[in-house]
>>> print(open('query-v6.tsv').read())   # TSV, C-alpha atoms and all ligand atoms
chain	number	residue	atom	x	y	z
T	1	MET	CA	76.31	93.84	133.53
T	2	THR	CA	77.80	96.43	135.87
T	3	ASP	CA	79.49	99.76	135.30
T	4	THR	CA	82.61	98.50	137.04
T	5	LEU	CA	85.34	97.18	134.79
T	6	PRO	CA	86.45	93.65	135.71
T	7	ALA	CA	89.80	93.35	137.46
T	8	ALA	CA	91.40	91.93	134.32
T	9	ASP	CA	90.70	95.23	132.56
T	10	SER	CA	92.42	97.51	135.08
T	11	ASP	CA	95.24	99.57	133.62
T	12	ARG	CA	98.15	97.42	132.52
T	13	LYS	CA	101.72	98.57	132.94
T	14	GLY	CA	103.85	98.79	129.86
T	15	GLY	CA	106.87	100.53	128.45
T	16	LEU	CA	110.46	100.48	129.62
T	17	GLY	CA	109.41	99.80	133.20
T	18	VAL	CA	108.23	96.34	132.14
T	19	TRP	CA	110.98	95.50	129.67
T	20	ALA	CA	113.93	97.48	128.35
T	21	PRO	CA	116.09	96.06	125.56
T	22	LYS	CA	119.76	95.50	126.37
T	23	ILE	CA	120.70	96.70	122.91
T	24	THR	CA	118.92	98.08	119.83
T	25	PRO	CA	120.11	98.21	116.20
T	26	PRO	CA	121.70	101.62	115.53
T	27	ILE	CA	121.23	103.85	112.48
T	28	GLY	CA	124.89	103.19	111.73
T	29	VAL	CA	125.73	106.83	110.98
T	30	ASP	CA	126.12	109.73	113.40
T	31	LEU	CA	123.64	112.42	112.32
T	32	ASP	CA	123.84	116.11	113.16
T	33	ASP	CA	120.55	117.88	113.92
T	34	GLU	CA	119.99	119.16	110.37
T	35	GLN	CA	120.62	115.69	108.97
T	36	LYS	CA	118.26	114.13	111.50
T	37	LEU	CA	115.50	116.58	110.61
T	38	ALA	CA	116.03	116.12	106.87
T	39	CYS	CA	115.64	112.36	107.41
T	40	ALA	CA	112.40	113.01	109.33
T	41	PHE	CA	110.95	114.88	106.33
T	42	ARG	CA	111.76	112.11	103.88
T	43	VAL	CA	110.63	109.31	106.21
T	44	LEU	CA	107.25	110.99	106.63
T	45	ALA	CA	106.99	111.80	102.92
T	46	ARG	CA	107.21	108.04	102.39
T	47	GLU	CA	104.40	107.58	104.93
T	48	GLY	CA	101.94	109.85	103.14
T	49	PHE	CA	102.95	113.28	104.40
T	50	SER	CA	103.35	114.29	100.82
T	51	GLU	CA	100.86	116.89	99.61
T	52	ASN	CA	103.64	118.47	97.55
T	53	ILE	CA	104.76	121.71	99.26
T	54	ALA	CA	102.37	121.62	102.25
T	55	GLY	CA	103.38	121.56	105.88
T	56	HIS	CA	106.27	122.04	108.26
T	57	ILE	CA	108.25	120.19	110.84
T	58	THR	CA	109.77	122.47	113.45
T	59	TRP	CA	112.29	121.42	116.07
T	60	GLN	CA	113.00	123.74	118.99
T	61	ARG	CA	115.82	122.05	120.80
T	62	PRO	CA	115.87	122.25	124.62
T	63	GLY	CA	117.27	125.57	125.81
T	64	GLU	CA	117.13	127.14	122.32
T	65	GLU	CA	114.93	130.07	121.22
T	66	THR	CA	115.35	129.31	117.54
T	67	MET	CA	113.74	126.49	115.57
T	68	LEU	CA	114.96	124.31	112.73
T	69	VAL	CA	112.40	124.11	109.90
T	70	ASN	CA	111.88	123.29	106.23
T	71	PRO	CA	111.95	126.10	103.68
T	72	TRP	CA	109.15	127.32	101.45
T	73	GLY	CA	108.95	125.61	98.07
T	74	LEU	CA	110.70	122.28	98.58
T	75	TRP	CA	108.69	119.06	98.75
T	76	TRP	CA	109.35	116.96	101.85
T	77	ARG	CA	110.67	114.11	99.71
T	78	GLU	CA	113.51	116.25	98.30
T	79	ILE	CA	114.74	118.04	101.44
T	80	SER	CA	118.40	117.57	102.32
T	81	ALA	CA	120.31	118.68	105.42
T	82	SER	CA	121.69	121.79	103.70
T	83	ASP	CA	118.12	122.96	102.95
T	84	ILE	CA	117.10	123.16	106.62
T	85	CYS	CA	116.55	126.76	107.79
T	86	GLU	CA	116.56	128.26	111.26
T	87	VAL	CA	113.96	130.81	112.42
T	88	ASP	CA	113.69	132.88	115.59
T	89	ALA	CA	110.74	132.72	118.00
T	90	GLY	CA	108.81	135.13	115.75
T	91	GLY	CA	109.35	133.07	112.60
T	92	THR	CA	112.03	135.27	110.98
T	93	VAL	CA	114.74	133.38	109.13
T	94	VAL	CA	118.11	133.72	110.90
T	95	ALA	CA	120.05	131.00	109.08
T	96	GLY	CA	119.72	129.03	105.87
T	97	ARG	CA	119.69	129.67	102.14
T	98	TRP	CA	115.91	129.64	101.59
T	99	ASP	CA	112.79	131.48	102.82
T	100	VAL	CA	110.05	130.31	105.25
T	101	THR	CA	106.32	130.98	104.83
T	102	PRO	CA	104.28	132.92	107.46
T	103	ALA	CA	102.31	129.68	108.01
T	104	ILE	CA	105.18	128.91	110.40
T	105	HIS	CA	103.02	130.65	113.05
T	106	ILE	CA	101.03	127.41	113.50
T	107	HIS	CA	104.29	126.18	115.03
T	108	THR	CA	105.93	129.18	116.71
T	109	GLU	CA	103.00	129.87	119.01
T	110	LEU	CA	102.62	126.20	119.97
T	111	HIS	CA	106.32	125.97	120.86
T	112	ARG	CA	105.93	129.15	122.92
T	113	ARG	CA	103.13	127.64	125.03
T	114	ARG	CA	104.07	123.98	125.26
T	115	ALA	CA	107.31	122.92	126.96
T	116	ASP	CA	106.56	119.32	125.98
T	117	ALA	CA	106.19	120.13	122.28
T	118	ARG	CA	109.82	120.30	121.21
T	119	VAL	CA	108.86	118.96	117.79
T	120	VAL	CA	105.73	120.04	115.90
T	121	ILE	CA	104.64	118.33	112.67
T	122	HIS	CA	101.92	119.66	110.38
T	123	ASN	CA	100.74	118.31	107.02
T	124	HIS	CA	97.70	116.89	105.20
T	125	PRO	CA	98.14	113.12	104.80
T	126	ASN	CA	95.26	111.55	102.89
T	127	TYR	CA	93.38	109.44	105.44
T	128	VAL	CA	93.84	111.99	108.22
T	129	THR	CA	92.47	114.65	105.89
T	130	LEU	CA	89.53	112.40	105.04
T	131	MET	CA	88.63	112.35	108.74
T	132	THR	CA	89.02	116.13	109.02
T	133	ALA	CA	86.73	116.55	105.97
T	134	LEU	CA	84.06	114.38	107.62
T	135	GLY	CA	84.55	116.08	110.98
T	136	VAL	CA	85.12	112.79	112.82
T	137	LEU	CA	87.94	111.29	114.85
T	138	PRO	CA	89.16	107.81	113.91
T	139	ASP	CA	87.96	104.86	115.95
T	140	LEU	CA	91.04	103.16	117.40
T	141	VAL	CA	90.47	99.72	115.89
T	142	HIS	CA	93.91	98.14	116.16
T	143	GLN	CA	96.51	97.86	118.89
T	144	THR	CA	98.88	100.40	117.31
T	145	GLY	CA	96.06	102.92	117.68
T	146	SER	CA	96.52	102.55	121.45
T	147	MET	CA	99.31	105.11	121.23
T	148	PHE	CA	96.66	107.78	120.57
T	149	LEU	CA	94.47	106.87	123.55
T	150	ASP	CA	93.28	110.12	125.24
T	151	ASP	CA	95.71	112.16	123.11
T	152	ILE	CA	93.58	113.41	120.19
T	153	ARG	CA	91.62	116.66	119.99
T	154	PHE	CA	89.48	118.03	117.14
T	155	VAL	CA	89.59	121.74	116.32
T	156	GLN	CA	86.50	121.87	114.17
T	157	GLU	CA	86.32	125.35	112.71
T	158	TYR	CA	88.31	126.03	109.56
T	159	THR	CA	89.89	129.47	109.89
T	160	GLY	CA	91.83	129.75	106.63
T	161	GLU	CA	95.56	130.31	106.44
T	162	VAL	CA	97.23	130.71	109.83
T	163	ASP	CA	99.72	133.34	108.71
T	164	THR	CA	100.08	135.70	111.69
T	165	ALA	CA	101.29	135.25	115.26
T	166	ASP	CA	97.84	136.26	116.56
T	167	LEU	CA	96.08	133.54	114.53
T	168	GLY	CA	98.75	131.05	115.64
T	169	ALA	CA	98.15	132.04	119.26
T	170	ASP	CA	94.38	131.56	118.88
T	171	LEU	CA	94.95	128.10	117.44
T	172	ALA	CA	97.47	127.17	120.14
T	173	ALA	CA	94.91	128.16	122.80
T	174	GLU	CA	92.34	125.83	121.20
T	175	ILE	CA	94.85	123.01	120.96
T	176	GLY	CA	95.72	123.20	124.65
T	177	ASP	CA	97.85	120.27	125.78
T	178	ALA	CA	96.82	117.74	123.11
T	179	PRO	CA	99.70	115.86	121.43
T	180	VAL	CA	97.58	115.17	118.30
T	181	VAL	CA	95.16	117.68	116.79
T	182	PHE	CA	92.80	117.19	113.86
T	183	LEU	CA	92.12	120.51	112.13
T	184	GLY	CA	88.68	120.60	110.49
T	185	SER	CA	88.79	120.58	106.66
T	186	HIS	CA	92.56	120.97	106.84
T	187	GLY	CA	95.02	118.43	108.28
T	188	ILE	CA	96.92	117.33	111.33
T	189	ILE	CA	99.26	118.63	114.00
T	190	VAL	CA	101.39	116.10	115.85
T	191	THR	CA	103.75	117.05	118.66
T	192	GLY	CA	106.47	115.17	120.47
T	193	ALA	CA	109.22	115.61	123.03
T	194	THR	CA	111.76	114.23	120.55
T	195	ILE	CA	112.09	113.80	116.80
T	196	GLU	CA	111.76	110.05	117.27
T	197	GLU	CA	108.52	110.29	119.23
T	198	ALA	CA	106.89	112.87	116.96
T	199	VAL	CA	107.81	111.03	113.75
T	200	TYR	CA	106.61	107.68	115.09
T	201	ARG	CA	103.29	109.23	116.16
T	202	ALA	CA	102.84	110.93	112.81
T	203	ALA	CA	103.79	107.88	110.76
T	204	SER	CA	101.37	105.70	112.72
T	205	LEU	CA	98.49	108.16	112.53
T	206	ASP	CA	97.62	108.08	108.84
T	207	ARG	CA	97.65	104.27	108.93
T	208	ALA	CA	95.34	104.31	111.96
T	209	CYS	CA	92.98	106.60	110.03
T	210	ARG	CA	93.10	104.33	106.98
T	211	LEU	CA	92.24	101.30	109.13
T	212	ALA	CA	89.40	103.24	110.74
T	213	TYR	CA	88.12	104.24	107.29
T	214	ASP	CA	88.34	100.69	105.96
T	215	VAL	CA	86.33	99.49	108.97
T	216	MET	CA	83.78	102.30	108.50
T	217	VAL	CA	83.05	101.31	104.90
T	218	THR	CA	82.39	97.69	105.86
T	219	GLY	CA	79.49	99.00	107.95
T	220	ARG	CA	80.39	96.49	110.66
T	221	GLN	CA	81.32	97.13	114.27
T	222	PRO	CA	85.01	96.49	115.05
T	223	LEU	CA	85.96	94.36	118.04
T	224	ALA	CA	86.49	96.47	121.13
T	225	MET	CA	89.86	96.66	122.86
T	226	GLY	CA	89.90	96.94	126.64
T	227	ARG	CA	90.98	100.34	127.89
T	228	GLY	CA	93.29	98.78	130.49
T	229	GLN	CA	95.19	96.84	127.82
T	230	MET	CA	95.43	99.95	125.65
T	231	VAL	CA	97.02	101.95	128.47
T	232	GLY	CA	99.87	99.46	128.77
T	233	MET	CA	100.25	99.15	125.00
T	234	LYS	CA	100.41	102.94	124.64
T	235	ALA	CA	103.36	103.14	127.04
T	236	SER	CA	105.16	100.28	125.28
T	237	LEU	CA	104.67	101.75	121.83
T	238	LEU	CA	105.82	105.25	122.70
T	239	GLU	CA	108.68	104.37	125.04
T	240	ARG	CA	110.07	101.34	123.24
T	241	GLY	CA	108.76	101.71	119.73
T	242	ALA	CA	109.65	105.31	118.88
T	243	PRO	CA	113.47	105.05	118.82
T	244	VAL	CA	113.60	101.73	116.98
T	245	TYR	CA	110.98	102.86	114.47
T	246	PHE	CA	113.02	105.96	113.66
T	247	ALA	CA	116.32	104.08	113.42
T	248	GLY	CA	114.85	101.48	111.07
T	249	ALA	CA	113.09	104.05	108.90
T	250	VAL	CA	116.34	106.05	108.57
T	251	ARG	CA	118.38	102.93	107.73
T	252	ALA	CA	115.93	102.15	104.92
T	253	LEU	CA	115.99	105.76	103.74
T	254	LEU	CA	119.79	105.98	103.69
T	255	ARG	CA	120.05	102.81	101.60
T	256	ASP	CA	117.89	104.44	98.88
T	257	GLU	CA	118.55	108.18	99.28
T	258	PRO	CA	121.96	108.87	100.86
T	259	ASP	CA	121.86	112.42	99.42
T	260	VAL	CA	119.48	113.36	102.28
T	261	LEU	CA	122.57	113.89	104.42
T	262	THR	CA	124.18	116.44	102.07
T	301	ZN	ZN	98.17	122.93	106.44
>>> encode(input="query-v6.tsv", output="structure tokens", more="lines below")
Ligand SMILES: [Zn+2]
Amino acid sequence: MTDTLPAADSDRKGGLGVWAPKITPPIGVDLDDEQKLACAFRVLAREGFSENIAGHITWQRPGEETMLVNPWGLWWREISASDICEVDAGGTVVAGRWDVTPAIHIHTELHRRRADARVVIHNHPNYVTLMTALGVLPDLVHQTGSMFLDDIRFVQEYTGEVDTADLGADLAAEIGDAPVVFLGSHGIIVTGATIEEAVYRAASLDRACRLAYDVMVTGRQPLAMGRGQMVGMKASLLERGAPVYFAGAVRALLRDEPDVLT
């Protein structure tokens, strides 16, 4: 045995540089930004982001100071486009018919510091929250987990409700540049450059945690994946997978719940 990885395990290329589809199935409906965000809430509610009223998704579009966000009091599964509110950089509602909780500061201060984090998702899906309760990160035991390679950070200390800009700034400083953050005894923050990327990451994460948990309870060691293969797979999943995941999830949603667009 040596410490040097064999040549076959050097980083693989992946993503659109290796193969780009000539065409992908469209959603079939042109969505405005509020409709797109409302679809994101319901898609993720179907994927376990459904602890009744908990959590936000914020979307600060490039060049904008304001953010689109869900209002206080509606469950993610019932949000429609006309429910989406707009807040300024300090979290004050500037448009929309509902109110927004001060917990929005988890998001405002992250947007302020992170040019890459155009979309910030926070909630408490079950298997993610199980990991945060145990204070462990999930082992990446399946190829879809490759998308989280090197991207997860754990903020261990539970600090209670993050309901001021100062507390949001402290948390943002601890988060740094991580795209995925496990909050001890609390839940998850997932960021993305686009709605498609952030939703795909979030939807894949709770499943990755469930797989990790199922492996943990067997008491057996999972097979190891080579880091080099995971690097290529990560690029392919995020670059190719995100847009087609979102389009397919929205097509399925619109067949069942067309009122999301109202
Ligand atoms: Zn929370």
>>> closest_atom_pairs(input="query-v6.tsv", of="chain T", to="ligand ZN 301 (chain T)", cutoff="9 Å", atoms="all atoms listed in the file", output="CSV")
residue,atom,partner,partner_atom,distance
T:Ala54,CA,T:ZN301,ZN,6.1
T:Gly55,CA,T:ZN301,ZN,5.4
T:His56,CA,T:ZN301,ZN,8.3
T:Ala103,CA,T:ZN301,ZN,8.1
T:Ile106,CA,T:ZN301,ZN,8.8
T:His122,CA,T:ZN301,ZN,6.3
T:Asn123,CA,T:ZN301,ZN,5.3
T:His124,CA,T:ZN301,ZN,6.2
T:Glu161,CA,T:ZN301,ZN,7.8
T:Val162,CA,T:ZN301,ZN,8.5
T:Leu183,CA,T:ZN301,ZN,8.7
T:His186,CA,T:ZN301,ZN,6.0
T:Gly187,CA,T:ZN301,ZN,5.8
T:Ile188,CA,T:ZN301,ZN,7.5
T:Ile189,CA,T:ZN301,ZN,8.8
>>> atom_distance(input="query-v6.tsv", atom1="CA of Glu47 (chain T)", atom2="CA of Arg210 (chain T)")
11.9 Å
>>> closest_residue(input="query-v6.tsv", among="T:Ala249, T:Val93, T:Cys85, T:Tyr213", to="Leu134 (chain T)", atoms="only C-alpha atoms")
T:Tyr213
>>> closest_residue(input="query-v6.tsv", among="T:Ala178, T:Val141, T:Met67, T:Ala202", to="Val128 (chain T)", atoms="only C-alpha atoms")
T:Ala202
>>> residues_around(input="query-v6.tsv", residues="Ile104 (chain T)", least_positions_apart="6", cutoff="12 Å", atoms="all atoms listed in the file", output="PyMOL selection string")
chain T and resi 54-59+67-72+85-93+110-111+120-123+161-165+167-169
>>> residues_around(input="query-v6.tsv", residues="Leu16 (chain T)", least_positions_apart="4", cutoff="7 Å", atoms="all atoms listed in the file", output="PDB file with C-alpha atoms, in the coordinates of the input")
ATOM      1  CA  ALA T  20     113.930  97.480 128.350  1.00  0.00           C
ATOM      2  CA  SER T 236     105.160 100.280 125.280  1.00  0.00           C
ATOM      3  CA  GLU T 239     108.680 104.370 125.040  1.00  0.00           C
ATOM      4  CA  ARG T 240     110.070 101.340 123.240  1.00  0.00           C
TER       5      ARG T 240
END
>>> closest_residue(input="query-v6.tsv", among="T:Leu130, T:Thr218, T:Arg12, T:Gly184", to="Glu157 (chain T)", atoms="only C-alpha atoms")
T:Gly184
>>> closest_residue(input="query-v6.tsv", among="T:Ala224, T:Cys209, T:Leu253, T:Leu44", to="Met131 (chain T)", atoms="all atoms listed in the file")
T:Cys209
>>> atom_distance(input="query-v6.tsv", atom1="CA of Pro258 (chain T)", atom2="CA of Ser80 (chain T)")
9.5 Å
>>> axis_aligned_box(input="query-v6.tsv", around="region 126-135 of chain T", padding_each_side="3 Å", output="JSON")
{"center_x": 89.7, "center_y": 113.0, "center_z": 106.9, "size_x": 17.2, "size_y": 13.1, "size_z": 14.1}
>>> atom_distance(input="query-v6.tsv", atom1="CA of Ile152 (chain T)", atom2="CA of Pro179 (chain T)")
6.7 Å
>>> residues_around(input="query-v6.tsv", residues="Glu257 (chain T)", least_positions_apart="3", cutoff="12 Å", atoms="only C-alpha atoms", output="PDB file with C-alpha atoms, in the coordinates of the input")
ATOM      1  CA  ALA T  38     116.030 116.120 106.870  1.00  0.00           C
ATOM      2  CA  CYS T  39     115.640 112.360 107.410  1.00  0.00           C
ATOM      3  CA  ARG T  42     111.760 112.110 103.880  1.00  0.00           C
ATOM      4  CA  VAL T  43     110.630 109.310 106.210  1.00  0.00           C
ATOM      5  CA  ARG T  46     107.210 108.040 102.390  1.00  0.00           C
ATOM      6  CA  ARG T  77     110.670 114.110  99.710  1.00  0.00           C
ATOM      7  CA  GLU T  78     113.510 116.250  98.300  1.00  0.00           C
ATOM      8  CA  ILE T  79     114.740 118.040 101.440  1.00  0.00           C
ATOM      9  CA  SER T  80     118.400 117.570 102.320  1.00  0.00           C
ATOM     10  CA  ALA T 249     113.090 104.050 108.900  1.00  0.00           C
ATOM     11  CA  VAL T 250     116.340 106.050 108.570  1.00  0.00           C
ATOM     12  CA  ARG T 251     118.380 102.930 107.730  1.00  0.00           C
ATOM     13  CA  ALA T 252     115.930 102.150 104.920  1.00  0.00           C
ATOM     14  CA  LEU T 253     115.990 105.760 103.740  1.00  0.00           C
ATOM     15  CA  LEU T 254     119.790 105.980 103.690  1.00  0.00           C
ATOM     16  CA  VAL T 260     119.480 113.360 102.280  1.00  0.00           C
ATOM     17  CA  LEU T 261     122.570 113.890 104.420  1.00  0.00           C
ATOM     18  CA  THR T 262     124.180 116.440 102.070  1.00  0.00           C
TER      19      THR T 262
END
>>> residues_around(input="query-v6.tsv", residues="Gly241 (chain T)", least_positions_apart="5", cutoff="10 Å", atoms="all atoms listed in the file", output="MDAnalysis selection string")
chainID T and resid 15 196:197 200:201 234:236 246
>>> closest_residue(input="query-v6.tsv", among="T:Ser82, T:Thr24, T:Thr101, T:Ser204", to="Leu238 (chain T)", atoms="only C-alpha atoms")
T:Ser204
>>> residues_around(input="query-v6.tsv", residues="Gly232 (chain T)", least_positions_apart="6", cutoff="10 Å", atoms="all atoms listed in the file", output="list of chain:residue names")
T:Ser10, T:Asp11, T:Arg12, T:Lys13, T:Gly14, T:Gly15, T:Val18, T:Ser146, T:Met147
>>> decode(input="query-v6.tsv", residues="region 85-117 of chain T", atoms="C-alpha atoms", output="mmCIF file, in the first residue's frame")
data_model
loop_
_atom_site.group_PDB
_atom_site.id
_atom_site.type_symbol
_atom_site.label_atom_id
_atom_site.label_comp_id
_atom_site.auth_asym_id
_atom_site.auth_seq_id
_atom_site.Cartn_x
_atom_site.Cartn_y
_atom_site.Cartn_z
ATOM 1 C CA CYS T 85 -43.363 38.517 -0.789
ATOM 2 C CA GLU T 86 -40.425 40.795 -1.499
ATOM 3 C CA VAL T 87 -38.131 42.117 1.253
ATOM 4 C CA ASP T 88 -35.314 44.660 1.182
ATOM 5 C CA ALA T 89 -31.725 43.896 2.217
ATOM 6 C CA GLY T 90 -32.688 44.423 5.870
ATOM 7 C CA GLY T 91 -35.623 42.024 5.742
ATOM 8 C CA THR T 92 -38.432 44.622 5.649
ATOM 9 C CA VAL T 93 -41.395 43.698 3.467
ATOM 10 C CA VAL T 94 -41.622 46.007 0.431
ATOM 11 C CA ALA T 95 -44.142 44.048 -1.652
ATOM 12 C CA GLY T 96 -46.688 41.310 -1.071
ATOM 13 C CA ARG T 97 -49.866 40.773 0.900
ATOM 14 C CA TRP T 98 -48.385 38.898 3.878
ATOM 15 C CA ASP T 99 -45.755 39.412 6.597
ATOM 16 C CA VAL T 100 -42.238 37.896 6.931
ATOM 17 C CA THR T 101 -40.676 36.669 10.194
ATOM 18 C CA PRO T 102 -37.405 38.160 11.577
ATOM 19 C CA ALA T 103 -35.864 34.686 11.057
ATOM 20 C CA ILE T 104 -35.288 36.001 7.528
ATOM 21 C CA HIS T 105 -31.936 37.269 8.877
ATOM 22 C CA ILE T 106 -30.464 33.769 8.417
ATOM 23 C CA HIS T 107 -30.820 34.620 4.730
ATOM 24 C CA THR T 108 -30.275 38.373 4.400
ATOM 25 C CA GLU T 109 -26.809 38.301 5.914
ATOM 26 C CA LEU T 110 -25.735 35.303 3.826
ATOM 27 C CA HIS T 111 -26.873 37.020 0.627
ATOM 28 C CA ARG T 112 -24.966 40.128 1.709
ATOM 29 C CA ARG T 113 -21.689 38.200 2.037
ATOM 30 C CA ARG T 114 -21.920 35.586 -0.690
ATOM 31 C CA ALA T 115 -22.115 36.623 -4.346
ATOM 32 C CA ASP T 116 -22.511 32.954 -5.293
ATOM 33 C CA ALA T 117 -25.504 32.420 -2.994
#
